[in-house]
file final_29.pdb (PDB, C-alpha atoms, pLDDT in the B column)
MODEL        1
ATOM      1  CA  MET A   1      29.660  19.960 -13.063  1.00 37.00           C
ATOM      2  CA  GLU A   2      29.835  21.302  -9.498  1.00 46.00           C
ATOM      3  CA  ASN A   3      29.944  18.516  -6.881  1.00 50.00           C
ATOM      4  CA  ARG A   4      27.702  20.433  -4.470  1.00 51.00           C
ATOM      5  CA  ILE A   5      23.959  20.418  -3.825  1.00 43.00           C
ATOM      6  CA  THR A   6      22.679  23.971  -4.180  1.00 46.00           C
ATOM      7  CA  GLU A   7      19.220  25.555  -3.992  1.00 42.00           C
ATOM      8  CA  GLU A   8      19.372  26.133  -7.746  1.00 41.00           C
ATOM      9  CA  ASN A   9      20.126  22.584  -8.837  1.00 38.00           C
ATOM     10  CA  LEU A  10      18.024  21.019  -6.070  1.00 36.00           C
ATOM     11  CA  ASP A  11      14.926  22.539  -7.631  1.00 36.00           C
ATOM     12  CA  VAL A  12      15.501  21.087 -11.084  1.00 29.00           C
ATOM     13  CA  LEU A  13      16.261  17.473 -10.136  1.00 32.00           C
ATOM     14  CA  ASP A  14      13.945  14.839  -8.681  1.00 36.00           C
ATOM     15  CA  VAL A  15      14.438  14.687  -4.919  1.00 32.00           C
ATOM     16  CA  LEU A  16      15.333  10.983  -5.113  1.00 33.00           C
ATOM     17  CA  GLY A  17      18.126  11.654  -7.571  1.00 37.00           C
ATOM     18  CA  PRO A  18      18.777  10.218 -11.030  1.00 37.00           C
ATOM     19  CA  LYS A  19      17.043   6.922 -11.791  1.00 39.00           C
ATOM     20  CA  THR A  20      20.223   5.093 -12.771  1.00 41.00           C
ATOM     21  CA  ASP A  21      20.809   1.424 -11.950  1.00 44.00           C
ATOM     22  CA  GLU A  22      23.765   2.432  -9.782  1.00 41.00           C
ATOM     23  CA  CYS A  23      21.809   4.935  -7.693  1.00 44.00           C
ATOM     24  CA  GLU A  24      18.880   2.527  -7.440  1.00 47.00           C
ATOM     25  CA  SER A  25      21.165   0.337  -5.325  1.00 46.00           C
ATOM     26  CA  LEU A  26      20.931   3.012  -2.641  1.00 52.00           C
ATOM     27  CA  SER A  27      17.266   2.143  -2.225  1.00 50.00           C
ATOM     28  CA  GLU A  28      18.256  -1.034  -0.385  1.00 54.00           C
ATOM     29  CA  LEU A  29      18.929   1.243   2.584  1.00 62.00           C
ATOM     30  CA  THR A  30      15.198   2.039   2.677  1.00 57.00           C
ATOM     31  CA  SER A  31      13.800  -1.486   2.764  1.00 68.00           C
ATOM     32  CA  PRO A  32      10.246  -1.787   4.171  1.00 66.00           C
ATOM     33  CA  TYR A  33      11.734  -3.328   7.307  1.00 75.00           C
ATOM     34  CA  LEU A  34      14.079  -0.404   7.904  1.00 83.00           C
ATOM     35  CA  LEU A  35      11.371   2.192   7.246  1.00 82.00           C
ATOM     36  CA  ASN A  36       8.953   0.411   9.566  1.00 80.00           C
ATOM     37  CA  TYR A  37      11.590   0.249  12.295  1.00 85.00           C
ATOM     38  CA  ILE A  38      12.182   3.998  11.962  1.00 89.00           C
ATOM     39  CA  LYS A  39       8.432   4.707  12.160  1.00 85.00           C
ATOM     40  CA  ASN A  40       8.112   2.569  15.295  1.00 82.00           C
ATOM     41  CA  GLY A  41      11.236   3.983  16.927  1.00 87.00           C
ATOM     42  CA  GLN A  42      12.948   0.575  16.961  1.00 86.00           C
ATOM     43  CA  HIS A  43      16.445   2.002  16.941  1.00 89.00           C
ATOM     44  CA  GLU A  44      18.197  -1.195  18.012  1.00 89.00           C
ATOM     45  CA  GLU A  45      16.730  -3.020  15.001  1.00 87.00           C
ATOM     46  CA  VAL A  46      17.839  -0.132  12.759  1.00 90.00           C
ATOM     47  CA  LYS A  47      21.331  -0.455  14.209  1.00 90.00           C
ATOM     48  CA  GLU A  48      21.375  -4.195  13.439  1.00 88.00           C
ATOM     49  CA  ILE A  49      20.500  -3.518   9.788  1.00 86.00           C
ATOM     50  CA  ILE A  50      23.153  -0.808   9.502  1.00 87.00           C
ATOM     51  CA  LEU A  51      25.846  -3.043  11.001  1.00 87.00           C
ATOM     52  CA  LYS A  52      25.167  -5.608   8.270  1.00 84.00           C
ATOM     53  CA  ILE A  53      25.505  -3.121   5.397  1.00 83.00           C
ATOM     54  CA  ASP A  54      28.515  -3.663   3.135  1.00 83.00           C
ATOM     55  CA  PHE A  55      29.527  -0.024   2.715  1.00 84.00           C
ATOM     56  CA  GLU A  56      32.630  -0.921   0.704  1.00 86.00           C
ATOM     57  CA  GLY A  57      30.516  -3.042  -1.633  1.00 83.00           C
ATOM     58  CA  TYR A  58      28.046  -0.206  -2.172  1.00 77.00           C
ATOM     59  CA  SER A  59      30.912   2.202  -2.780  1.00 80.00           C
ATOM     60  CA  ASN A  60      32.388  -0.088  -5.435  1.00 83.00           C
ATOM     61  CA  LYS A  61      29.008  -0.322  -7.200  1.00 79.00           C
ATOM     62  CA  LEU A  62      28.790   3.465  -7.266  1.00 78.00           C
ATOM     63  CA  ALA A  63      32.407   4.061  -8.290  1.00 80.00           C
ATOM     64  CA  GLY A  64      31.456   5.180 -11.796  1.00 82.00           C
ATOM     65  CA  VAL A  65      28.607   7.448 -10.720  1.00 83.00           C
ATOM     66  CA  ASP A  66      29.047  11.214 -10.392  1.00 87.00           C
ATOM     67  CA  LEU A  67      29.331  11.992  -6.676  1.00 89.00           C
ATOM     68  CA  LEU A  68      26.715  14.729  -6.998  1.00 90.00           C
ATOM     69  CA  HIS A  69      24.193  12.133  -8.197  1.00 87.00           C
ATOM     70  CA  VAL A  70      24.984   9.970  -5.182  1.00 86.00           C
ATOM     71  CA  LYS A  71      24.460  12.985  -2.929  1.00 90.00           C
ATOM     72  CA  TYR A  72      21.053  13.600  -4.513  1.00 88.00           C
ATOM     73  CA  ALA A  73      20.089   9.985  -3.979  1.00 85.00           C
ATOM     74  CA  GLY A  74      21.308  10.196  -0.381  1.00 88.00           C
ATOM     75  CA  TYR A  75      19.309  13.361   0.229  1.00 90.00           C
ATOM     76  CA  GLY A  76      16.243  11.645  -1.214  1.00 86.00           C
ATOM     77  CA  LEU A  77      16.658   8.760   1.209  1.00 87.00           C
ATOM     78  CA  VAL A  78      17.061  11.140   4.144  1.00 91.00           C
ATOM     79  CA  THR A  79      13.871  12.930   3.064  1.00 89.00           C
ATOM     80  CA  LEU A  80      12.012   9.613   2.857  1.00 86.00           C
ATOM     81  CA  ALA A  81      13.293   8.454   6.250  1.00 89.00           C
ATOM     82  CA  SER A  82      12.339  11.816   7.790  1.00 91.00           C
ATOM     83  CA  SER A  83       8.808  11.515   6.388  1.00 87.00           C
ATOM     84  CA  VAL A  84       8.479   8.031   7.863  1.00 87.00           C
ATOM     85  CA  ALA A  85       9.719   9.321  11.239  1.00 90.00           C
ATOM     86  CA  SER A  86       7.030  12.017  11.108  1.00 87.00           C
ATOM     87  CA  LEU A  87       4.440   9.281  10.568  1.00 82.00           C
ATOM     88  CA  GLY A  88       5.825   7.717  13.735  1.00 84.00           C
ATOM     89  CA  GLY A  89       5.031  10.877  15.676  1.00 84.00           C
ATOM     90  CA  LEU A  90       8.311  12.793  15.485  1.00 89.00           C
ATOM     91  CA  PRO A  91       7.523  16.506  15.093  1.00 88.00           C
ATOM     92  CA  LYS A  92       8.200  17.626  11.521  1.00 86.00           C
ATOM     93  CA  VAL A  93      10.473  20.399  12.792  1.00 90.00           C
ATOM     94  CA  GLU A  94      12.758  17.788  14.367  1.00 90.00           C
ATOM     95  CA  ALA A  95      12.748  15.615  11.251  1.00 89.00           C
ATOM     96  CA  ARG A  96      13.581  18.579   9.017  1.00 89.00           C
ATOM     97  CA  LYS A  97      16.604  19.427  11.147  1.00 91.00           C
ATOM     98  CA  LEU A  98      18.230  16.199   9.967  1.00 90.00           C
ATOM     99  CA  ASN A  99      17.431  17.053   6.352  1.00 87.00           C
ATOM    100  CA  GLN A 100      19.205  20.352   6.912  1.00 90.00           C
ATOM    101  CA  ALA A 101      22.099  18.582   8.606  1.00 91.00           C
ATOM    102  CA  PHE A 102      22.652  16.517   5.444  1.00 91.00           C
ATOM    103  CA  LEU A 103      22.717  19.649   3.280  1.00 89.00           C
ATOM    104  CA  LEU A 104      25.056  21.436   5.675  1.00 90.00           C
ATOM    105  CA  ASN A 105      27.496  18.513   5.721  1.00 90.00           C
ATOM    106  CA  GLU A 106      27.321  17.322   2.107  1.00 87.00           C
ATOM    107  CA  ALA A 107      30.321  19.432   1.073  1.00 89.00           C
ATOM    108  CA  ASN A 108      32.434  17.198   3.326  1.00 92.00           C
ATOM    109  CA  PHE A 109      31.392  13.990   1.536  1.00 92.00           C
ATOM    110  CA  GLN A 110      34.349  12.952  -0.575  1.00 92.00           C
ATOM    111  CA  SER A 111      33.066   9.513  -1.643  1.00 90.00           C
ATOM    112  CA  ALA A 112      29.928   7.419  -2.011  1.00 88.00           C
ATOM    113  CA  LYS A 113      30.872   5.671   1.228  1.00 89.00           C
ATOM    114  CA  ASP A 114      30.806   9.002   3.080  1.00 92.00           C
ATOM    115  CA  VAL A 115      27.254   9.594   1.830  1.00 91.00           C
ATOM    116  CA  LEU A 116      26.063   6.088   2.723  1.00 89.00           C
ATOM    117  CA  VAL A 117      27.528   6.192   6.222  1.00 90.00           C
ATOM    118  CA  TYR A 118      25.985   9.597   6.920  1.00 92.00           C
ATOM    119  CA  VAL A 119      22.559   8.508   5.618  1.00 92.00           C
ATOM    120  CA  SER A 120      22.741   5.421   7.842  1.00 92.00           C
ATOM    121  CA  ARG A 121      23.558   7.542  10.885  1.00 93.00           C
ATOM    122  CA  ILE A 122      20.578   9.786  10.153  1.00 94.00           C
ATOM    123  CA  CYS A 123      18.293   6.742   9.881  1.00 93.00           C
ATOM    124  CA  TYR A 124      19.460   5.565  13.299  1.00 93.00           C
ATOM    125  CA  THR A 125      19.116   9.041  14.805  1.00 95.00           C
ATOM    126  CA  LEU A 126      15.568   9.366  13.451  1.00 95.00           C
ATOM    127  CA  ALA A 127      14.573   5.999  14.932  1.00 93.00           C
ATOM    128  CA  LYS A 128      16.097   6.991  18.296  1.00 93.00           C
ATOM    129  CA  LYS A 129      14.243  10.312  18.297  1.00 93.00           C
ATOM    130  CA  VAL A 130      10.924   8.621  17.444  1.00 91.00           C
ATOM    131  CA  TYR A 131      11.550   6.217  20.318  1.00 89.00           C
ATOM    132  CA  GLU A 132      12.322   9.026  22.759  1.00 89.00           C
ATOM    133  CA  ASN A 133       9.303  11.021  21.598  1.00 87.00           C
ATOM    134  CA  LYS A 134       6.937   8.072  22.086  1.00 82.00           C
ATOM    135  CA  PHE A 135       8.196   6.768  25.388  1.00 83.00           C
ATOM    136  CA  ALA A 136       9.965   9.620  27.184  1.00 79.00           C
ATOM    137  CA  GLN A 137       7.318   9.883  29.917  1.00 76.00           C
ATOM    138  CA  ILE A 138       7.163   6.131  30.605  1.00 86.00           C
ATOM    139  CA  GLN A 139       9.262   4.771  33.458  1.00 85.00           C
ATOM    140  CA  THR A 140       7.684   1.422  34.415  1.00 91.00           C
ATOM    141  CA  PRO A 141       9.064  -1.478  32.323  1.00 92.00           C
ATOM    142  CA  ILE A 142       5.661  -3.211  32.018  1.00 95.00           C
ATOM    143  CA  VAL A 143       3.985  -0.014  30.800  1.00 95.00           C
ATOM    144  CA  PHE A 144       6.867   0.596  28.409  1.00 91.00           C
ATOM    145  CA  HIS A 145       6.578  -2.875  26.846  1.00 92.00           C
ATOM    146  CA  ALA A 146       2.805  -2.549  26.600  1.00 95.00           C
ATOM    147  CA  ALA A 147       3.033   0.896  24.963  1.00 93.00           C
ATOM    148  CA  ASN A 148       5.695  -0.356  22.578  1.00 89.00           C
ATOM    149  CA  TYR A 149       3.504  -3.322  21.591  1.00 93.00           C
ATOM    150  CA  ILE A 150       0.546  -0.993  21.002  1.00 94.00           C
ATOM    151  CA  ASN A 151       2.552   1.361  18.788  1.00 88.00           C
ATOM    152  CA  GLU A 152       4.073  -1.490  16.786  1.00 87.00           C
ATOM    153  CA  ASN A 153       0.557  -2.797  16.073  1.00 92.00           C
ATOM    154  CA  ILE A 154      -1.236   0.538  15.813  1.00 92.00           C
ATOM    155  CA  GLU A 155      -2.930  -0.318  12.498  1.00 92.00           C
ATOM    156  CA  HIS A 156      -4.358  -3.588  13.837  1.00 94.00           C
ATOM    157  CA  LYS A 157      -7.257  -4.294  16.162  1.00 96.00           C
ATOM    158  CA  ILE A 158      -5.704  -4.230  19.628  1.00 97.00           C
ATOM    159  CA  LEU A 159      -7.496  -5.920  22.514  1.00 96.00           C
ATOM    160  CA  ASN A 160      -6.693  -5.231  26.159  1.00 96.00           C
ATOM    161  CA  ALA A 161      -6.321  -8.962  26.739  1.00 96.00           C
ATOM    162  CA  LYS A 162      -3.661  -9.233  24.000  1.00 96.00           C
ATOM    163  CA  VAL A 163      -1.663  -6.364  25.470  1.00 97.00           C
ATOM    164  CA  ALA A 164      -1.897  -7.891  28.953  1.00 97.00           C
ATOM    165  CA  LYS A 165      -0.795 -11.286  27.631  1.00 96.00           C
ATOM    166  CA  HIS A 166       2.176  -9.649  25.918  1.00 95.00           C
ATOM    167  CA  THR A 167       3.308  -8.216  29.261  1.00 95.00           C
ATOM    168  CA  ASN A 168       2.455 -11.345  31.286  1.00 96.00           C
ATOM    169  CA  CYS A 169       0.044  -9.610  33.641  1.00 95.00           C
ATOM    170  CA  SER A 170      -3.697  -9.232  34.116  1.00 96.00           C
ATOM    171  CA  VAL A 171      -5.780  -6.575  32.380  1.00 96.00           C
ATOM    172  CA  GLN A 172      -6.741  -5.142  35.779  1.00 97.00           C
ATOM    173  CA  TYR A 173      -3.122  -4.781  36.918  1.00 97.00           C
ATOM    174  CA  LEU A 174      -2.036  -3.312  33.583  1.00 97.00           C
ATOM    175  CA  ASN A 175      -4.850  -0.752  33.716  1.00 97.00           C
ATOM    176  CA  LYS A 176      -3.744   0.178  37.237  1.00 96.00           C
ATOM    177  CA  LEU A 177      -0.164   0.786  36.064  1.00 96.00           C
ATOM    178  CA  PHE A 178      -1.311   2.798  33.037  1.00 95.00           C
ATOM    179  CA  LYS A 179      -3.555   4.995  35.181  1.00 95.00           C
ATOM    180  CA  GLU A 180      -0.769   5.617  37.683  1.00 92.00           C
ATOM    181  CA  GLU A 181       1.831   6.443  35.034  1.00 91.00           C
ATOM    182  CA  LEU A 182      -0.123   7.974  32.134  1.00 91.00           C
ATOM    183  CA  GLY A 183      -3.479   8.877  33.648  1.00 93.00           C
ATOM    184  CA  LEU A 184      -5.193   6.663  31.059  1.00 95.00           C
ATOM    185  CA  THR A 185      -6.539   3.131  30.906  1.00 97.00           C
ATOM    186  CA  VAL A 186      -5.030   0.791  28.324  1.00 97.00           C
ATOM    187  CA  ALA A 187      -8.075   1.243  26.062  1.00 97.00           C
ATOM    188  CA  GLN A 188      -7.858   5.029  26.340  1.00 96.00           C
ATOM    189  CA  TYR A 189      -4.152   4.922  25.486  1.00 95.00           C
ATOM    190  CA  ILE A 190      -4.842   2.764  22.428  1.00 96.00           C
ATOM    191  CA  ILE A 191      -7.479   5.220  21.206  1.00 97.00           C
ATOM    192  CA  ARG A 192      -5.203   8.205  21.835  1.00 94.00           C
ATOM    193  CA  GLU A 193      -2.339   6.641  19.882  1.00 92.00           C
ATOM    194  CA  LYS A 194      -4.586   5.585  16.994  1.00 94.00           C
ATOM    195  CA  ILE A 195      -6.017   9.095  16.706  1.00 94.00           C
ATOM    196  CA  ASN A 196      -2.562  10.681  16.959  1.00 88.00           C
ATOM    197  CA  TYR A 197      -1.386   8.365  14.199  1.00 88.00           C
ATOM    198  CA  SER A 198      -4.419   9.208  12.062  1.00 90.00           C
ATOM    199  CA  LYS A 199      -3.698  12.934  12.502  1.00 88.00           C
ATOM    200  CA  THR A 200      -0.169  12.355  11.225  1.00 81.00           C
ATOM    201  CA  LEU A 201      -1.479  10.410   8.227  1.00 85.00           C
ATOM    202  CA  ILE A 202      -3.982  13.172   7.413  1.00 87.00           C
ATOM    203  CA  ALA A 203      -1.318  15.860   7.719  1.00 80.00           C
ATOM    204  CA  SER A 204       1.025  13.921   5.437  1.00 73.00           C
ATOM    205  CA  GLY A 205      -1.651  13.606   2.762  1.00 76.00           C
ATOM    206  CA  SER A 206      -0.729   9.937   2.355  1.00 71.00           C
ATOM    207  CA  VAL A 207      -4.234   8.517   2.835  1.00 82.00           C
ATOM    208  CA  ASP A 208      -7.828   9.479   2.076  1.00 89.00           C
ATOM    209  CA  THR A 209      -9.786  10.378   5.222  1.00 91.00           C
ATOM    210  CA  GLY A 210     -12.564   8.013   4.137  1.00 91.00           C
ATOM    211  CA  ASP A 211     -10.157   5.059   4.279  1.00 92.00           C
ATOM    212  CA  LEU A 212      -8.665   5.802   7.684  1.00 93.00           C
ATOM    213  CA  TYR A 213     -11.136   3.697   9.645  1.00 94.00           C
ATOM    214  CA  LYS A 214     -10.046   0.626   7.661  1.00 95.00           C
ATOM    215  CA  ARG A 215      -6.373   1.494   7.968  1.00 93.00           C
ATOM    216  CA  LEU A 216      -6.693   1.737  11.754  1.00 94.00           C
ATOM    217  CA  SER A 217      -9.074  -1.216  12.187  1.00 95.00           C
ATOM    218  CA  PHE A 218     -12.129   0.702  13.425  1.00 96.00           C
ATOM    219  CA  CYS A 219     -15.419  -1.138  12.988  1.00 94.00           C
ATOM    220  CA  SER A 220     -16.960   1.622  10.831  1.00 95.00           C
ATOM    221  CA  GLN A 221     -16.289   5.044   9.390  1.00 95.00           C
ATOM    222  CA  SER A 222     -18.929   6.620  11.647  1.00 96.00           C
ATOM    223  CA  HIS A 223     -17.302   5.120  14.748  1.00 96.00           C
ATOM    224  CA  PHE A 224     -13.898   6.431  13.683  1.00 97.00           C
ATOM    225  CA  THR A 225     -15.307   9.899  12.904  1.00 96.00           C
ATOM    226  CA  GLN A 226     -17.074  10.103  16.281  1.00 96.00           C
ATOM    227  CA  THR A 227     -13.946   8.973  18.131  1.00 97.00           C
ATOM    228  CA  PHE A 228     -11.742  11.383  16.193  1.00 96.00           C
ATOM    229  CA  LYS A 229     -14.060  14.327  16.894  1.00 96.00           C
ATOM    230  CA  LYS A 230     -14.225  13.460  20.593  1.00 95.00           C
ATOM    231  CA  GLN A 231     -10.409  13.453  20.814  1.00 94.00           C
ATOM    232  CA  VAL A 232      -9.585  16.340  18.472  1.00 94.00           C
ATOM    233  CA  GLY A 233     -12.698  18.527  18.496  1.00 95.00           C
ATOM    234  CA  LEU A 234     -12.971  18.282  14.689  1.00 95.00           C
ATOM    235  CA  THR A 235     -14.022  15.615  12.227  1.00 96.00           C
ATOM    236  CA  PRO A 236     -11.221  14.104  10.094  1.00 95.00           C
ATOM    237  CA  THR A 237     -12.410  16.150   7.105  1.00 94.00           C
ATOM    238  CA  GLN A 238     -12.471  19.366   9.147  1.00 95.00           C
ATOM    239  CA  PHE A 239      -9.009  18.586  10.505  1.00 92.00           C
ATOM    240  CA  LYS A 240      -7.684  18.017   6.966  1.00 91.00           C
ATOM    241  CA  ARG A 241      -9.175  21.339   5.827  1.00 90.00           C
ATOM    242  CA  LYS A 242      -7.548  23.063   8.800  1.00 88.00           C
ATOM    243  CA  ILE A 243      -4.132  21.602   7.874  1.00 82.00           C
ATOM    244  CA  ILE A 244      -4.546  22.683   4.235  1.00 81.00           C
ATOM    245  CA  ASN A 245      -5.480  26.242   5.291  1.00 81.00           C
ATOM    246  CA  GLU A 246      -2.534  26.437   7.678  1.00 74.00           C
ATOM    247  CA  ASN A 247      -0.157  25.322   4.931  1.00 65.00           C
ATOM    248  CA  LYS A 248      -1.543  27.983   2.600  1.00 68.00           C
ATOM    249  CA  VAL A 249      -0.818  30.650   5.209  1.00 60.00           C
ATOM    250  CA  LYS A 250       2.748  29.372   5.551  1.00 52.00           C
TER     251      LYS A 250
ENDMDL
END
call {"tool": "encode", "arguments": {"input": "final_29.pdb", "output": "structure tokens"}}
result
Amino acid sequence: MENRITEENLDVLDVLGPKTDECESLSELTSPYLLNYIKNGQHEEVKEIILKIDFEGYSNKLAGVDLLHVKYAGYGLVTLASSVASLGGLPKVEARKLNQAFLLNEANFQSAKDVLVYVSRICYTLAKKVYENKFAQIQTPIVFHAANYINENIEHKILNAKVAKHTNCSVQYLNKLFKEELGLTVAQYIIREKINYSKTLIASGSVDTGDLYKRLSFCSQSHFTQTFKKQVGLTPTQFKRKIINENKVK
């Protein structure tokens, strides 16, 4: 059996690789904590997890597994991590580049350890890119910490007072800094980020549009729909239809 991933054999195997006990151990690299850190762009936390991974131990567990199977499992994890990064706002084109990078480099993987190390590096790179994408335009430390807090809690109800308390300043002063740096009040930034996140969820097909208002802690579906249409120019349903039509054209 050829030890390479090709277009032919990629099509006939599940993207997450064989469901063997040995390859299931790879899934520890995609713990909910790690995936959430990637989505939020918390690259330092991702680095901490990676530094604690026993790569030699994993390699020993996978010693009896065909290397091609390990590569499939690794590619599946990269695909999952890329999808999570897209949910965090990273453009899909950027995320897919790292998928391609895995395929371009997989011929150089001579052991399970090589695969695991490369997957870990991609996870860190994805988290760093999400971080840069979210906060590239922010220079003021207080605004940065506030924006980071908002994005980490994007699915919860976020009050201006809570954000201000997190940054140890008044709501008035925080609004002033946000307006100067981003041209938005704190409340407007929260709405923008929630709607951007909802657009990503709709595009991914991971949630029903009727459940989005609950997912994002809006008081009602009608309020969410009105807010979405004001920001996007379309209702969530219309936006979903637009995405589906665009994908058909592609």
call {"tool": "residues_near_point", "arguments": {"input": "final_29.pdb", "point": "(7.2, -1.4, 20.2)", "cutoff": "10 Å", "atoms": "all atoms listed in the file", "output": "ChimeraX atom specification"}}
result
/A:37,40-42,131,134-135,144-154
call {"tool": "write_last_selection", "arguments": {"input": "final_29.pdb", "atoms": "C-alpha atoms", "output": "PDB file, in the frame of the given file"}}
result
ATOM      1  CA  TYR A  37      11.590   0.249  12.295  1.00 85.00           C
ATOM      2  CA  ASN A  40       8.112   2.569  15.295  1.00 82.00           C
ATOM      3  CA  GLY A  41      11.236   3.983  16.927  1.00 87.00           C
ATOM      4  CA  GLN A  42      12.948   0.575  16.961  1.00 86.00           C
ATOM      5  CA  TYR A 131      11.550   6.217  20.318  1.00 89.00           C
ATOM      6  CA  LYS A 134       6.937   8.072  22.086  1.00 82.00           C
ATOM      7  CA  PHE A 135       8.196   6.768  25.388  1.00 83.00           C
ATOM      8  CA  PHE A 144       6.867   0.596  28.409  1.00 91.00           C
ATOM      9  CA  HIS A 145       6.578  -2.875  26.846  1.00 92.00           C
ATOM     10  CA  ALA A 146       2.805  -2.549  26.600  1.00 95.00           C
ATOM     11  CA  ALA A 147       3.033   0.896  24.963  1.00 93.00           C
ATOM     12  CA  ASN A 148       5.695  -0.356  22.578  1.00 89.00           C
ATOM     13  CA  TYR A 149       3.504  -3.322  21.591  1.00 93.00           C
ATOM     14  CA  ILE A 150       0.546  -0.993  21.002  1.00 94.00           C
ATOM     15  CA  ASN A 151       2.552   1.361  18.788  1.00 88.00           C
ATOM     16  CA  GLU A 152       4.073  -1.490  16.786  1.00 87.00           C
ATOM     17  CA  ASN A 153       0.557  -2.797  16.073  1.00 92.00           C
ATOM     18  CA  ILE A 154      -1.236   0.538  15.813  1.00 92.00           C
TER      19      ILE A 154
END
call {"tool": "resolve_selection", "arguments": {"input": "final_29.pdb", "expression": "the PyMOL selection byres ((chain A and resi 50) around 10)", "output": "PyMOL selection string"}}
result
chain A and resi 29+34+44-49+51-55+117+120-121+123-124
call {"tool": "atom_distance", "arguments": {"input": "final_29.pdb", "atom1": "CA of Leu80 (chain A)", "atom2": "CA of Ala101 (chain A)"}}
result
14.7 Å
call {"tool": "residues_around", "arguments": {"input": "final_29.pdb", "residues": "Leu177 (chain A)", "least_positions_apart": "6", "cutoff": "9 Å", "atoms": "all atoms listed in the file", "output": "list in words"}}
result
Thr140, Ile142, Val143 and Thr185 of chain A
call {"tool": "resolve_selection", "arguments": {"input": "final_29.pdb", "expression": "the PyMOL selection byres ((chain A and resi 82) around 10)", "output": "number ranges by chain"}}
result
A: 35, 38-39, 76-81, 83-88, 90-92, 94-99, 122-123, 126-127
call {"tool": "resolve_selection", "arguments": {"input": "final_29.pdb", "expression": "the PyMOL selection byres ((chain A and resi 173) around 12)", "output": "PyMOL selection string"}}
result
chain A and resi 142-143+160-161+163-165+167-172+174-180+185-186
call {"tool": "atom_distance", "arguments": {"input": "final_29.pdb", "atom1": "CA of Leu103 (chain A)", "atom2": "CA of Val130 (chain A)"}}
result
21.5 Å
call {"tool": "axis_aligned_box", "arguments": {"input": "final_29.pdb", "around": "region 217-225 of chain A", "padding_each_side": "8 Å", "output": "JSON"}}
result
{"center_x": -14.0, "center_y": 4.3, "center_z": 12.1, "size_x": 25.9, "size_y": 27.1, "size_z": 21.4}
call {"tool": "residues_around", "arguments": {"input": "final_29.pdb", "residues": "Lys214 (chain A)", "least_positions_apart": "6", "cutoff": "10 Å", "atoms": "only C-alpha atoms", "output": "list in words"}}
result
Glu155, His156, Ser220, Gln221 and Phe224 of chain A
call {"tool": "closest_residue", "arguments": {"input": "final_29.pdb", "among": "A:Gly183, A:Glu193, A:Thr237, A:Leu68", "to": "Gln110 (chain A)", "atoms": "all atoms listed in the file"}}
result
A:Leu68
call {"tool": "atom_distance", "arguments": {"input": "final_29.pdb", "atom1": "CA of Leu201 (chain A)", "atom2": "CA of Phe239 (chain A)"}}
result
11.3 Å
call {"tool": "closest_residue", "arguments": {"input": "final_29.pdb", "among": "A:Val65, A:Ile195, A:Val119, A:Ala107", "to": "Gly89 (chain A)", "atoms": "only C-alpha atoms"}}
result
A:Ile195
call {"tool": "build_atoms", "arguments": {"input": "final_29.pdb", "residues": "region 206-218 of chain A", "atoms": "N, CA and C atoms", "output": "short mmCIF file (atom, residue, chain, number, x, y, z; two decimals), in the frame of the given file"}}
result
data_model
loop_
_atom_site.label_atom_id
_atom_site.label_comp_id
_atom_site.auth_asym_id
_atom_site.auth_seq_id
_atom_site.Cartn_x
_atom_site.Cartn_y
_atom_site.Cartn_z
N SER A 206 -1.04 11.25 2.91
CA SER A 206 -0.73 9.94 2.36
C SER A 206 -1.92 8.99 2.29
N VAL A 207 -3.07 9.40 2.82
CA VAL A 207 -4.23 8.52 2.84
C VAL A 207 -5.51 9.34 2.78
N ASP A 208 -6.53 8.81 2.14
CA ASP A 208 -7.83 9.48 2.08
C ASP A 208 -8.53 9.34 3.42
N THR A 209 -9.14 10.42 3.91
CA THR A 209 -9.79 10.38 5.22
C THR A 209 -10.88 9.31 5.29
N GLY A 210 -11.51 9.02 4.16
CA GLY A 210 -12.56 8.01 4.14
C GLY A 210 -12.06 6.60 4.32
N ASP A 211 -10.74 6.39 4.14
CA ASP A 211 -10.16 5.06 4.28
C ASP A 211 -9.46 4.85 5.63
N LEU A 212 -9.41 5.89 6.44
CA LEU A 212 -8.66 5.80 7.68
C LEU A 212 -9.23 4.77 8.65
N TYR A 213 -10.55 4.64 8.69
CA TYR A 213 -11.14 3.70 9.64
C TYR A 213 -10.70 2.26 9.33
N LYS A 214 -10.54 1.95 8.04
CA LYS A 214 -10.05 0.63 7.66
C LYS A 214 -8.57 0.48 8.02
N ARG A 215 -7.83 1.51 7.71
CA ARG A 215 -6.37 1.49 7.97
C ARG A 215 -6.09 1.26 9.45
N LEU A 216 -6.93 1.82 10.31
CA LEU A 216 -6.69 1.74 11.75
C LEU A 216 -7.59 0.72 12.46
N SER A 217 -8.28 -0.10 11.66
CA SER A 217 -9.07 -1.22 12.19
C SER A 217 -10.22 -0.78 13.09
N PHE A 218 -10.88 0.33 12.75
CA PHE A 218 -12.13 0.70 13.42
C PHE A 218 -13.27 -0.07 12.77
#
